[in-house]
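Source file final.pdb; content: PDB, C-alpha atoms (C1' of nucleotides).
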```
ATOM      1  CA  MET A 199     122.686  25.572 135.255
ATOM      2  CA  PRO A 200     122.311  29.291 134.467
ATOM      3  CA  ARG A 201     125.086  31.149 132.758
ATOM      4  CA  ALA A 202     127.242  33.556 134.692
ATOM      5  CA  PRO A 203     127.034  37.155 133.489
ATOM      6  CA  GLN A 204     130.239  38.742 132.260
ATOM      7  CA  ASP A 205     131.887  41.202 134.607
ATOM      8  CA  VAL A 206     132.486  43.812 131.909
ATOM      9  CA  THR A 207     130.606  43.576 128.654
ATOM     10  CA  ASP A 208     131.913  44.498 125.218
ATOM     11  CA  ALA A 209     129.780  47.618 124.909
ATOM     12  CA  GLU A 210     130.618  48.556 128.482
ATOM     13  CA  LEU A 211     134.299  48.085 127.750
ATOM     14  CA  ALA A 212     134.038  50.461 124.813
ATOM     15  CA  ILE A 213     132.787  53.128 127.202
ATOM     16  CA  LEU A 214     135.547  52.372 129.696
ATOM     17  CA  GLN A 215     138.178  52.698 126.984
ATOM     18  CA  ARG A 216     136.874  56.150 126.174
ATOM     19  CA  LEU A 217     137.015  57.175 129.817
ATOM     20  CA  TRP A 218     140.581  55.876 130.041
ATOM     21  CA  ASP A 219     141.660  57.685 126.902
ATOM     22  CA  GLU A 220     139.829  60.969 127.272
ATOM     23  CA  GLY A 221     139.232  61.360 130.984
ATOM     24  CA  PRO A 222     136.006  62.258 132.840
ATOM     25  CA  SER A 223     133.111  63.067 130.547
ATOM     26  CA  SER A 224     129.396  63.620 130.445
ATOM     27  CA  VAL A 225     127.004  61.188 128.829
ATOM     28  CA  ARG A 226     126.587  63.416 125.809
ATOM     29  CA  ILE A 227     130.279  63.672 125.137
ATOM     30  CA  LEU A 228     130.718  59.924 125.365
ATOM     31  CA  ALA A 229     127.719  59.241 123.159
ATOM     32  CA  GLU A 230     128.801  61.696 120.482
ATOM     33  CA  ARG A 231     132.335  60.319 120.478
ATOM     34  CA  SER A 232     130.890  56.836 120.017
ATOM     35  CA  TYR A 233     128.106  57.451 117.539
ATOM     36  CA  GLY A 234     128.690  60.924 116.185
ATOM     37  CA  LYS A 235     125.633  63.189 116.333
ATOM     38  CA  CYS A 236     123.783  60.765 118.544
ATOM     39  CA  ASN A 237     120.000  60.634 118.741
ATOM     40  CA  ALA A 238     117.943  60.189 121.901
ATOM     41  CA  SER A 239     118.028  56.404 122.094
ATOM     42  CA  GLN A 240     121.774  56.179 121.526
ATOM     43  CA  HIS A 241     122.211  58.729 124.285
ATOM     44  CA  ALA A 242     120.085  56.560 126.573
ATOM     45  CA  THR A 243     122.050  53.460 125.632
ATOM     46  CA  VAL A 244     125.288  55.035 126.767
ATOM     47  CA  GLN A 245     123.576  56.155 129.941
ATOM     48  CA  LYS A 246     122.395  52.619 130.648
ATOM     49  CA  LEU A 247     125.867  51.224 130.077
ATOM     50  CA  LEU A 248     127.325  53.788 132.460
ATOM     51  CA  GLU A 249     124.668  52.935 135.015
ATOM     52  CA  ARG A 250     125.612  49.260 134.844
ATOM     53  CA  LEU A 251     129.307  50.047 135.002
ATOM     54  CA  GLU A 252     128.666  52.132 138.098
ATOM     55  CA  ALA A 253     126.789  49.234 139.700
ATOM     56  CA  LYS A 254     129.801  47.033 138.997
ATOM     57  CA  GLY A 255     132.125  49.523 140.604
ATOM     58  CA  CYS A 256     133.994  50.249 137.388
ATOM     59  CA  VAL A 257     132.810  53.841 137.002
ATOM     60  CA  ARG A 258     132.404  56.767 139.385
ATOM     61  CA  ARG A 259     129.619  59.305 138.958
ATOM     62  CA  ASP A 260     129.930  62.866 140.151
ATOM     63  CA  ARG A 261     126.372  63.978 140.874
ATOM     64  CA  SER A 262     127.410  67.436 142.024
ATOM     65  CA  THR A 263     127.867  68.602 138.444
ATOM     66  CA  TRP A 264     125.172  69.003 135.868
ATOM     67  CA  PRO A 265     125.159  67.074 133.728
ATOM     68  CA  HIS A 266     126.749  64.337 135.823
ATOM     69  CA  THR A 267     130.413  63.646 135.198
ATOM     70  CA  PHE A 268     131.578  60.069 134.813
ATOM     71  CA  SER A 269     135.096  58.780 135.348
ATOM     72  CA  SER A 270     136.618  55.321 135.417
ATOM     73  CA  ALA A 271     136.943  53.775 138.866
ATOM     74  CA  ILE A 272     139.385  51.087 137.773
ATOM     75  CA  GLY A 273     142.427  51.257 135.528
ATOM     76  CA  ARG A 274     143.161  49.220 132.460
ATOM     77  CA  ASP A 275     145.753  47.328 134.428
ATOM     78  CA  GLU A 276     143.285  46.386 137.130
ATOM     79  CA  LEU A 277     140.841  45.063 134.578
ATOM     80  CA  ILE A 278     143.613  43.070 132.968
ATOM     81  CA  GLY A 279     144.264  41.512 136.350
ATOM     82  CA  ARG A 280     140.639  40.559 136.780
ATOM     83  CA  GLN A 281     140.487  38.980 133.369
ATOM     84  CA  LEU A 282     143.665  37.033 133.980
ATOM     85  CA  GLN A 283     142.452  35.793 137.339
ATOM     86  CA  GLN A 284     139.250  34.713 135.651
ATOM     87  CA  THR A 285     140.987  32.548 133.080
ATOM     88  CA  ALA A 286     143.245  31.211 135.810
ATOM     89  CA  ASP A 287     140.165  30.191 137.780
ATOM     90  CA  LYS A 288     138.657  28.468 134.797
ATOM     91  CA  LEU A 289     141.733  26.717 133.459
ATOM     92  CA  CYS A 290     144.386  26.529 136.179
ATOM     93  CA  ALA A 291     142.466  26.061 139.438
ATOM     94  CA  GLY A 292     143.104  29.712 140.222
ATOM     95  CA  SER A 293     146.862  29.651 139.879
ATOM     96  CA  LEU A 294     148.423  32.381 137.761
ATOM     97  CA  GLN A 295     151.724  30.581 137.393
ATOM     98  CA  PRO A 296     150.710  28.550 134.302
ATOM     99  CA  LEU A 297     149.657  31.770 132.606
ATOM    100  CA  ILE A 298     153.033  33.350 133.214
ATOM    101  CA  SER A 299     154.997  30.393 131.949
ATOM    102  CA  HIS A 300     152.784  30.151 128.890
ATOM    103  CA  LEU A 301     153.287  33.802 128.052
ATOM    104  CA  VAL A 302     157.010  33.822 128.634
ATOM    105  CA  ARG A 303     157.411  30.695 126.544
ATOM    106  CA  SER A 304     155.115  31.500 123.641
ATOM    107  CA  ALA A 305     155.017  35.239 123.245
ATOM    108  CA  LYS A 306     157.345  36.935 120.870
ATOM    109  CA  LEU A 307     159.349  39.040 123.249
ATOM    110  CA  SER A 308     161.521  41.822 122.042
ATOM    111  CA  GLU A 309     164.942  42.381 123.567
ATOM    112  CA  GLU A 310     163.584  45.293 125.578
ATOM    113  CA  ASP A 311     160.751  43.141 126.866
ATOM    114  CA  ARG A 312     163.216  40.597 128.191
ATOM    115  CA  GLN A 313     165.366  43.293 129.714
ATOM    116  CA  SER A 314     162.458  44.844 131.552
ATOM    117  CA  LEU A 315     161.334  41.433 132.728
ATOM    118  CA  ARG A 316     164.759  40.681 134.112
ATOM    119  CA  GLY A 317     164.680  44.004 135.860
ATOM    120  CA  VAL A 318     161.311  43.330 137.427
ATOM    121  CA  LEU A 319     162.488  39.909 138.540
ATOM    122  CA  ALA A 320     165.572  41.374 140.134
ATOM    123  CA  ASN A 321     163.456  43.885 142.025
ATOM    124  CA  LEU A 322     161.239  41.119 143.260
ATOM    125  CA  VAL A 323     164.250  39.256 144.619
ATOM    126  CA  GLU A 324     165.409  42.411 146.406
ATOM    127  CA  GLU A 325     162.039  42.972 148.036
ATOM    128  CA  ASN A 326     161.937  39.367 149.046
ATOM    129  CA  LYS A 327     165.274  39.682 150.836
ATOM    130  CA  LYS A 328     164.061  42.738 152.726
ATOM    131  CA  ASN A 329     160.933  40.960 153.808
ATOM    132  CA  ALA A 330     162.957  37.989 154.908
ATOM    133  CA  LYS A 331     165.248  40.186 157.041
ATOM    134  CA  LYS A 332     162.645  41.927 159.163
TER     135      LYS A 332
ATOM    136  CA  MET B 298     125.385  45.352 117.695
ATOM    137  CA  PRO B 299     125.038  41.607 118.243
ATOM    138  CA  ARG B 300     127.005  39.909 120.980
ATOM    139  CA  ALA B 301     129.888  37.644 120.088
ATOM    140  CA  PRO B 302     129.478  34.023 121.145
ATOM    141  CA  GLN B 303     132.064  32.597 123.536
ATOM    142  CA  ASP B 304     134.621  30.292 121.968
ATOM    143  CA  VAL B 305     134.381  27.676 124.718
ATOM    144  CA  THR B 306     131.413  27.739 127.050
ATOM    145  CA  ASP B 307     131.449  26.817 130.734
ATOM    146  CA  ALA B 308     129.579  23.558 130.267
ATOM    147  CA  GLU B 309     131.740  22.752 127.250
ATOM    148  CA  LEU B 310     134.837  23.449 129.284
ATOM    149  CA  ALA B 311     133.700  20.999 131.942
ATOM    150  CA  ILE B 312     133.603  18.305 129.272
ATOM    151  CA  LEU B 313     137.013  19.296 127.959
ATOM    152  CA  GLN B 314     138.492  19.110 131.454
ATOM    153  CA  ARG B 315     137.247  15.545 131.753
ATOM    154  CA  LEU B 316     138.771  14.596 128.428
ATOM    155  CA  TRP B 317     142.062  16.138 129.507
ATOM    156  CA  ASP B 318     142.052  14.358 132.840
ATOM    157  CA  GLU B 319     140.721  10.955 131.856
ATOM    158  CA  GLY B 320     141.541  10.588 128.190
ATOM    159  CA  PRO B 321     139.296   9.509 125.295
ATOM    160  CA  SER B 322     135.835   8.458 126.379
ATOM    161  CA  SER B 323     132.359   7.645 125.118
ATOM    162  CA  VAL B 324     129.405   9.910 125.709
ATOM    163  CA  ARG B 325     128.052   7.609 128.397
ATOM    164  CA  ILE B 326     131.278   7.585 130.375
ATOM    165  CA  LEU B 327     131.503  11.361 130.289
ATOM    166  CA  ALA B 328     127.866  11.809 131.236
ATOM    167  CA  GLU B 329     128.065   9.383 134.150
ATOM    168  CA  ARG B 330     131.240  10.988 135.428
ATOM    169  CA  SER B 331     129.495  14.359 135.281
ATOM    170  CA  TYR B 332     126.033  13.524 136.577
ATOM    171  CA  GLY B 333     126.318  10.054 138.088
ATOM    172  CA  LYS B 334     123.699   7.608 136.833
ATOM    173  CA  CYS B 335     122.631   9.918 134.071
ATOM    174  CA  ASN B 336     119.203   9.798 132.474
ATOM    175  CA  ALA B 337     118.386  10.156 128.802
ATOM    176  CA  SER B 338     118.270  13.937 128.631
ATOM    177  CA  GLN B 339     121.508  14.411 130.528
ATOM    178  CA  HIS B 340     123.130  11.980 128.131
ATOM    179  CA  ALA B 341     121.830  14.020 125.219
ATOM    180  CA  THR B 342     123.086  17.217 126.783
ATOM    181  CA  VAL B 343     126.627  15.880 126.937
ATOM    182  CA  GLN B 344     126.284  14.719 123.374
ATOM    183  CA  LYS B 345     125.201  18.158 122.233
ATOM    184  CA  LEU B 346     128.097  19.793 124.029
ATOM    185  CA  LEU B 347     130.525  17.373 122.372
ATOM    186  CA  GLU B 348     128.916  18.087 119.011
ATOM    187  CA  ARG B 349     129.478  21.824 119.484
ATOM    188  CA  LEU B 350     133.019  21.285 120.717
ATOM    189  CA  GLU B 351     133.712  19.218 117.613
ATOM    190  CA  ALA B 352     132.356  22.001 115.414
ATOM    191  CA  LYS B 353     134.733  24.388 117.156
ATOM    192  CA  GLY B 354     137.676  22.092 116.538
ATOM    193  CA  CYS B 355     138.262  21.437 120.228
ATOM    194  CA  VAL B 356     137.281  17.771 120.168
ATOM    195  CA  ARG B 357     137.977  14.871 117.836
ATOM    196  CA  ARG B 358     135.397  12.157 117.232
ATOM    197  CA  ASP B 359     136.364   8.616 116.259
ATOM    198  CA  ARG B 360     133.386   7.305 114.307
ATOM    199  CA  SER B 361     134.987   3.929 113.639
ATOM    200  CA  THR B 362     134.166   2.737 117.139
ATOM    201  CA  TRP B 363     130.740   2.125 118.558
ATOM    202  CA  PRO B 364     129.834   4.036 120.527
ATOM    203  CA  HIS B 365     131.915   6.877 119.128
ATOM    204  CA  THR B 366     135.045   7.775 121.046
ATOM    205  CA  PHE B 367     135.749  11.414 121.804
ATOM    206  CA  SER B 368     139.120  12.949 122.592
ATOM    207  CA  SER B 369     140.323  16.489 123.061
ATOM    208  CA  ALA B 370     141.782  18.143 119.968
ATOM    209  CA  ILE B 371     143.459  20.963 121.864
ATOM    210  CA  GLY B 372     145.454  20.963 125.072
ATOM    211  CA  ARG B 373     144.874  22.978 128.189
ATOM    212  CA  ASP B 374     147.889  25.076 127.303
ATOM    213  CA  GLU B 375     146.536  25.891 123.866
ATOM    214  CA  LEU B 376     143.233  27.020 125.317
ATOM    215  CA  ILE B 377     145.080  29.158 127.838
ATOM    216  CA  GLY B 378     146.832  30.795 124.936
ATOM    217  CA  ARG B 379     143.592  31.507 123.150
ATOM    218  CA  GLN B 380     142.069  33.054 126.253
ATOM    219  CA  LEU B 381     145.121  35.198 126.844
ATOM    220  CA  GLN B 382     145.159  36.403 123.266
ATOM    221  CA  GLN B 383     141.507  37.259 123.615
ATOM    222  CA  THR B 384     142.028  39.480 126.631
ATOM    223  CA  ALA B 385     145.030  41.006 124.922
ATOM    224  CA  ASP B 386     142.856  41.835 121.933
ATOM    225  CA  LYS B 387     140.221  43.430 124.122
ATOM    226  CA  LEU B 388     142.458  45.366 126.475
ATOM    227  CA  CYS B 389     145.916  45.758 124.951
ATOM    228  CA  ALA B 390     145.331  46.153 121.220
ATOM    229  CA  GLY B 391     146.463  42.556 120.766
ATOM    230  CA  SER B 392     149.806  42.846 122.501
ATOM    231  CA  LEU B 393     150.641  40.199 125.084
ATOM    232  CA  GLN B 394     153.421  42.233 126.651
ATOM    233  CA  PRO B 395     151.185  44.123 129.119
ATOM    234  CA  LEU B 396     149.788  40.823 130.333
ATOM    235  CA  ILE B 397     153.238  39.501 131.072
ATOM    236  CA  SER B 398     154.375  42.542 132.930
ATOM    237  CA  HIS B 399     151.172  42.620 134.929
ATOM    238  CA  LEU B 400     151.559  38.997 135.954
ATOM    239  CA  VAL B 401     155.204  39.250 136.841
ATOM    240  CA  ARG B 402     154.540  42.366 138.879
ATOM    241  CA  SER B 403     151.366  41.406 140.688
ATOM    242  CA  ALA B 404     151.355  37.667 141.100
ATOM    243  CA  LYS B 405     152.701  36.158 144.252
ATOM    244  CA  LEU B 406     155.622  34.214 142.860
ATOM    245  CA  SER B 407     157.364  31.577 144.877
ATOM    246  CA  GLU B 408     161.131  31.369 144.835
ATOM    247  CA  GLU B 409     160.929  28.394 142.473
ATOM    248  CA  ASP B 410     158.653  30.333 140.163
ATOM    249  CA  ARG B 411     161.212  33.113 139.872
ATOM    250  CA  GLN B 412     164.014  30.630 139.362
ATOM    251  CA  SER B 413     162.178  28.882 136.545
ATOM    252  CA  LEU B 414     161.301  32.209 134.980
ATOM    253  CA  ARG B 415     164.920  33.298 135.027
ATOM    254  CA  GLY B 416     165.810  30.000 133.435
ATOM    255  CA  VAL B 417     163.287  30.426 130.660
ATOM    256  CA  LEU B 418     164.464  33.965 130.048
ATOM    257  CA  ALA B 419     168.065  32.818 129.834
ATOM    258  CA  ASN B 420     167.084  30.179 127.300
ATOM    259  CA  LEU B 421     165.315  32.778 125.241
ATOM    260  CA  VAL B 422     168.421  34.918 125.157
ATOM    261  CA  GLU B 423     170.491  31.931 124.047
ATOM    262  CA  GLU B 424     168.119  31.109 121.230
ATOM    263  CA  ASN B 425     168.109  34.694 120.191
ATOM    264  CA  LYS B 426     171.895  34.714 119.880
ATOM    265  CA  LYS B 427     171.814  31.585 117.745
ATOM    266  CA  ASN B 428     169.212  33.049 115.466
ATOM    267  CA  ALA B 429     171.221  36.206 115.176
ATOM    268  CA  LYS B 430     174.365  34.279 114.193
ATOM    269  CA  LYS B 431     173.001  32.251 111.291
TER     270      LYS B 431
ATOM    271  C1'  DT C 138     113.054 -10.255 114.839
ATOM    272  C1'  DG C 139     112.987  -7.812 119.218
ATOM    273  C1'  DC C 140     115.442  -4.960 122.426
ATOM    274  C1'  DA C 141     118.691  -1.749 124.341
ATOM    275  C1'  DT C 142     121.888   1.686 123.397
ATOM    276  C1'  DT C 143     123.529   5.383 120.734
ATOM    277  C1'  DT C 144     123.221   9.039 117.307
ATOM    278  C1'  DC C 145     121.120  12.895 115.251
ATOM    279  C1'  DA C 146     118.096  16.838 114.307
ATOM    280  C1'  DG C 147     115.579  20.033 116.212
ATOM    281  C1'  DA C 148     112.761  22.504 119.772
ATOM    282  C1'  DC C 149     112.549  24.814 124.074
ATOM    283  C1'  DA C 150     113.046  28.006 128.240
ATOM    284  C1'  DG C 151     115.891  31.164 130.664
ATOM    285  C1'  DC C 152     118.591  34.891 130.548
ATOM    286  C1'  DA C 153     122.303  38.341 129.165
ATOM    287  C1'  DC C 154     122.872  42.396 126.584
ATOM    288  C1'  DG C 155     122.206  46.089 123.743
ATOM    289  C1'  DT C 156     118.593  49.016 122.534
ATOM    290  C1'  DC C 157     114.739  51.882 122.971
ATOM    291  C1'  DT C 158     110.538  54.517 125.131
ATOM    292  C1'  DG C 159     108.193  57.454 128.400
ATOM    293  C1'  DC C 160     108.240  60.383 131.959
ATOM    294  C1'  DA C 161     110.363  62.976 135.853
ATOM    295  C1'  DT C 162     113.791  66.312 136.909
ATOM    296  C1'  DC C 163     116.847  70.088 136.352
ATOM    297  C1'  DA C 164     118.934  74.499 134.463
ATOM    298  C1'  DT C 165     118.324  78.513 132.042
ATOM    299  C1'  DA C 166     116.114  82.161 129.163
ATOM    300  C1'  DG C 167     112.582  85.381 128.650
TER     301       DG C 167
ATOM    302  C1'  DC D 251     106.974  82.092 137.034
ATOM    303  C1'  DT D 252     106.670  79.770 132.955
ATOM    304  C1'  DA D 253     108.413  77.850 128.807
ATOM    305  C1'  DT D 254     111.847  75.184 126.739
ATOM    306  C1'  DG D 255     115.287  72.086 126.026
ATOM    307  C1'  DA D 256     118.616  68.948 127.890
ATOM    308  C1'  DT D 257     119.392  65.349 131.193
ATOM    309  C1'  DG D 258     118.305  61.512 134.568
ATOM    310  C1'  DC D 259     115.879  57.478 135.516
ATOM    311  C1'  DA D 260     112.997  53.222 135.470
ATOM    312  C1'  DG D 261     111.484  49.831 132.901
ATOM    313  C1'  DA D 262     110.291  47.192 128.662
ATOM    314  C1'  DC D 263     111.691  44.896 124.468
ATOM    315  C1'  DG D 264     114.003  41.800 120.756
ATOM    316  C1'  DT D 265     117.750  39.081 119.533
ATOM    317  C1'  DG D 266     120.485  35.427 120.173
ATOM    318  C1'  DC D 267     123.453  32.484 123.177
ATOM    319  C1'  DT D 268     123.436  28.461 126.215
ATOM    320  C1'  DG D 269     122.087  24.544 128.531
ATOM    321  C1'  DT D 270     118.516  21.304 128.420
ATOM    322  C1'  DC D 271     115.282  18.236 126.622
ATOM    323  C1'  DT D 272     112.297  15.338 123.191
ATOM    324  C1'  DG D 273     111.512  12.189 119.588
ATOM    325  C1'  DA D 274     112.842   9.426 115.921
ATOM    326  C1'  DA D 275     116.372   7.051 113.097
ATOM    327  C1'  DA D 276     120.436   4.149 113.234
ATOM    328  C1'  DT D 277     123.321   0.654 115.235
ATOM    329  C1'  DG D 278     124.837  -3.529 117.665
ATOM    330  C1'  DC D 279     123.397  -7.774 119.827
ATOM    331  C1'  DA D 280     120.737 -11.800 121.795
TER     332       DA D 280
END
```
Using structure tokens, write down the structure from this file.
Amino acid sequence: MPRAPQDVTDAELAILQRLWDEGPSSVRILAERSYGKCNASQHATVQKLLERLEAKGCVRRDRSTWPHTFSSAIGRDELIGRQLQQTADKLCAGSLQPLISHLVRSAKLSEEDRQSLRGVLANLVEENKKNAKK
Amino acid sequence: MPRAPQDVTDAELAILQRLWDEGPSSVRILAERSYGKCNASQHATVQKLLERLEAKGCVRRDRSTWPHTFSSAIGRDELIGRQLQQTADKLCAGSLQPLISHLVRSAKLSEEDRQSLRGVLANLVEENKKNAKK
DNA sequence: TGCATTTCAGACAGCACGTCTGCATCATAG
DNA sequence: CTATGATGCAGACGTGCTGTCTGAAATGCA
């Protein structure tokens, strides 16, 4: 049984983080921020990672500029969701509920965290009522 | 930069699931449940996976019986926690809070789910008050 | 003792992933 | 237009993980 490739690799993630933090960039900018005074092969490495990220739909490439400008196609939050769904698939038959209850039970929540959670829950109840009405 | 090995591999996880579902077992039982009428090499494969799981502290081996009896050393919930912490480390600088808020916001929660969540939250508040008192 | 089962150590192939090389392409200066 | 330097692109490579497999030693039993 062959192994399944990861959706976003560690090195790829490092690039994504930079795009999230610093916005659209060229390959050179990204490479220099990562390596500092990058040489040719390091430059090519970053380019390859971007190419793979683009193939995975995680990065957009603007070919109208020169050099090309890369920007993230998914947000941090979206990637979090994918990762969570992945662990849910592996460990909970796809259900996210066990993850939630685990987190709420085990995580050290600050008072603000609990407040915001209660708020979100209340909103959910509201929306639910609306949906039920119509 | 070398890649980091996974903590629990897919094939290893399949073995763990069986131990969780069916309790302590011998290698043969596990192999037959996985392959059905397993041959020698499949038997050895399961053995190797158990050996690696033991090295990772996920499986206990009782060498006083013959054949050895294997049982899971960690629960499903504990592994969930490890996975969650891992994604938190990668995407949220180690904080679990963003994971919680993402789940509560995005997941399709049933009415019971929300009820139980509210209950857990209330309990947390209670405990917090107690801790604050003493 | 002979036989079947299990354990153990190690080898192996396939592949993911990060890296690197060579060449084509483009923009700009002179 | 040509020279020059930066960039894009396609593909190869090494390392090491992962699942699988082989062979021999160890164990229990008739």
Q: Would you list the contacts of Ile312 (chain B) as a PyMOL selection string, taking every protein, DNA or RNA residue within 12 Å and counting only C-alpha atoms (C1' of nucleotides), but skipping same-chain residues closer than 3 positions in sequence?
A: chain B and resi 305-309+315-324+326-332+342-351+355-356+367-369
Any chance you could tabulate, as CSV, the residues of chain A at most 12 Å from chain D with each one's nearest atom pair and distance in Å to one decimal, using all atoms listed in the file, in chain and rising number order?
```
residue,atom,partner,partner_atom,distance
A:Met199,CA,D:DG269,C1',6.8
A:Pro200,CA,D:DG269,C1',7.6
A:Arg201,CA,D:DT268,C1',7.3
A:Ala202,CA,D:DT268,C1',10.6
A:Pro203,CA,D:DC267,C1',11.9
A:Ser224,CA,D:DT257,C1',10.2
A:Val225,CA,D:DT257,C1',9.0
A:Arg226,CA,D:DT257,C1',9.2
A:Ala238,CA,D:DA256,C1',10.6
A:His241,CA,D:DT257,C1',10.0
A:Ala242,CA,D:DG258,C1',9.6
A:Gln245,CA,D:DG258,C1',8.8
A:Lys246,CA,D:DC259,C1',9.5
A:Glu249,CA,D:DC259,C1',9.9
A:Arg261,CA,D:DG258,C1',10.5
A:Thr263,CA,D:DT257,C1',11.6
A:Trp264,CA,D:DT257,C1',8.3
A:Pro265,CA,D:DT257,C1',6.5
A:His266,CA,D:DT257,C1',8.8
A:Thr267,CA,D:DT257,C1',11.8
```
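Running the PyMOL selection byres ((chain C) within 10 of (chain B)) on this file leaves DT142, DT143, DT144, DC145, DA153, DC154, DG155 and DT156 of chain C selected.
Selection check: the PyMOL selection byres ((chain A) within 8 of (chain B)) on the shown file gives Arg201, Asp208, Arg274, Asp275, Ile278, Gly279, Gln281, Leu282, Thr285, Leu289, Leu294, Gln295, Leu297, Ile298, Ser299, His300, Leu301, Val302, Arg303, Ala305, Leu307, Asp311, Arg312, Leu315, Arg316, Val318 and Leu319 of chain A.
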Centre and size of axis-aligned box enclosing region 251-257 of chain D plus 5 Å each side, as AutoDock Vina command-line options:
```
--center_x 113.0 --center_y 73.7 --center_z 131.5 --size_x 22.7 --size_y 26.7 --size_z 21.0
```
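What separates CA of Asp359 (chain B) from CA of Asn336 (chain B) is a distance of 23.6 Å.
For the pair CA of Ala291 (chain A) and CA of Ile371 (chain B), the interatomic distance is 18.3 Å.
Take CA of Arg379 (chain B) and CA of Asp304 (chain B): the distance between them is 9.1 Å.
Minimum distance to DC157 (chain C) across A:Gln204, A:Gln240, A:Gly273, A:Leu214 (counting only C-alpha atoms (C1' of nucleotides)) occurs at A:Gln240.
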Could you complete region 277-282 of chain A so that it carries all heavy atoms, and give it back as an mmCIF file, in the coordinates of the input?
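The result, stored in selection_37.cif:
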```cif
data_model
loop_
_atom_site.group_PDB
_atom_site.id
_atom_site.type_symbol
_atom_site.label_atom_id
_atom_site.label_comp_id
_atom_site.auth_asym_id
_atom_site.auth_seq_id
_atom_site.Cartn_x
_atom_site.Cartn_y
_atom_site.Cartn_z
ATOM 1 N N LEU A 277 141.759 45.916 135.326
ATOM 2 C CA LEU A 277 140.841 45.063 134.578
ATOM 3 C C LEU A 277 141.593 43.895 133.970
ATOM 4 O O LEU A 277 141.096 42.755 133.944
ATOM 5 C CB LEU A 277 140.128 45.879 133.496
ATOM 6 C CG LEU A 277 138.941 45.181 132.849
ATOM 7 C CD1 LEU A 277 137.939 44.721 133.880
ATOM 8 C CD2 LEU A 277 138.273 46.077 131.838
ATOM 9 N N ILE A 278 142.782 44.163 133.476
ATOM 10 C CA ILE A 278 143.613 43.070 132.968
ATOM 11 C C ILE A 278 143.783 42.007 134.042
ATOM 12 O O ILE A 278 143.622 40.816 133.793
ATOM 13 C CB ILE A 278 144.989 43.602 132.526
ATOM 14 C CG1 ILE A 278 144.851 44.454 131.264
ATOM 15 C CG2 ILE A 278 145.957 42.464 132.280
ATOM 16 C CD1 ILE A 278 146.158 45.078 130.802
ATOM 17 N N GLY A 279 144.078 42.458 135.256
ATOM 18 C CA GLY A 279 144.264 41.512 136.350
ATOM 19 C C GLY A 279 143.029 40.675 136.597
ATOM 20 O O GLY A 279 143.132 39.459 136.796
ATOM 21 N N ARG A 280 141.865 41.312 136.556
ATOM 22 C CA ARG A 280 140.639 40.559 136.780
ATOM 23 C C ARG A 280 140.430 39.525 135.703
ATOM 24 O O ARG A 280 140.050 38.379 135.977
ATOM 25 C CB ARG A 280 139.465 41.519 136.839
ATOM 26 C CG ARG A 280 139.171 41.982 138.259
ATOM 27 C CD ARG A 280 138.445 43.286 138.315
ATOM 28 N NE ARG A 280 137.123 43.260 137.691
ATOM 29 C CZ ARG A 280 136.184 44.174 137.937
ATOM 30 N NH1 ARG A 280 136.426 45.157 138.783
ATOM 31 N NH2 ARG A 280 135.020 44.117 137.336
ATOM 32 N N GLN A 281 140.665 39.922 134.469
ATOM 33 C CA GLN A 281 140.487 38.980 133.369
ATOM 34 C C GLN A 281 141.431 37.795 133.502
ATOM 35 O O GLN A 281 141.049 36.648 133.301
ATOM 36 C CB GLN A 281 140.734 39.685 132.034
ATOM 37 C CG GLN A 281 139.741 40.761 131.703
ATOM 38 C CD GLN A 281 138.345 40.216 131.449
ATOM 39 O OE1 GLN A 281 137.407 40.593 132.123
ATOM 40 N NE2 GLN A 281 138.216 39.304 130.498
ATOM 41 N N LEU A 282 142.678 38.101 133.858
ATOM 42 C CA LEU A 282 143.665 37.033 133.980
ATOM 43 C C LEU A 282 143.272 36.079 135.102
ATOM 44 O O LEU A 282 143.345 34.853 134.952
ATOM 45 C CB LEU A 282 145.047 37.628 134.248
ATOM 46 C CG LEU A 282 145.667 38.368 133.077
ATOM 47 C CD1 LEU A 282 146.986 39.015 133.475
ATOM 48 C CD2 LEU A 282 145.871 37.428 131.893
#
```
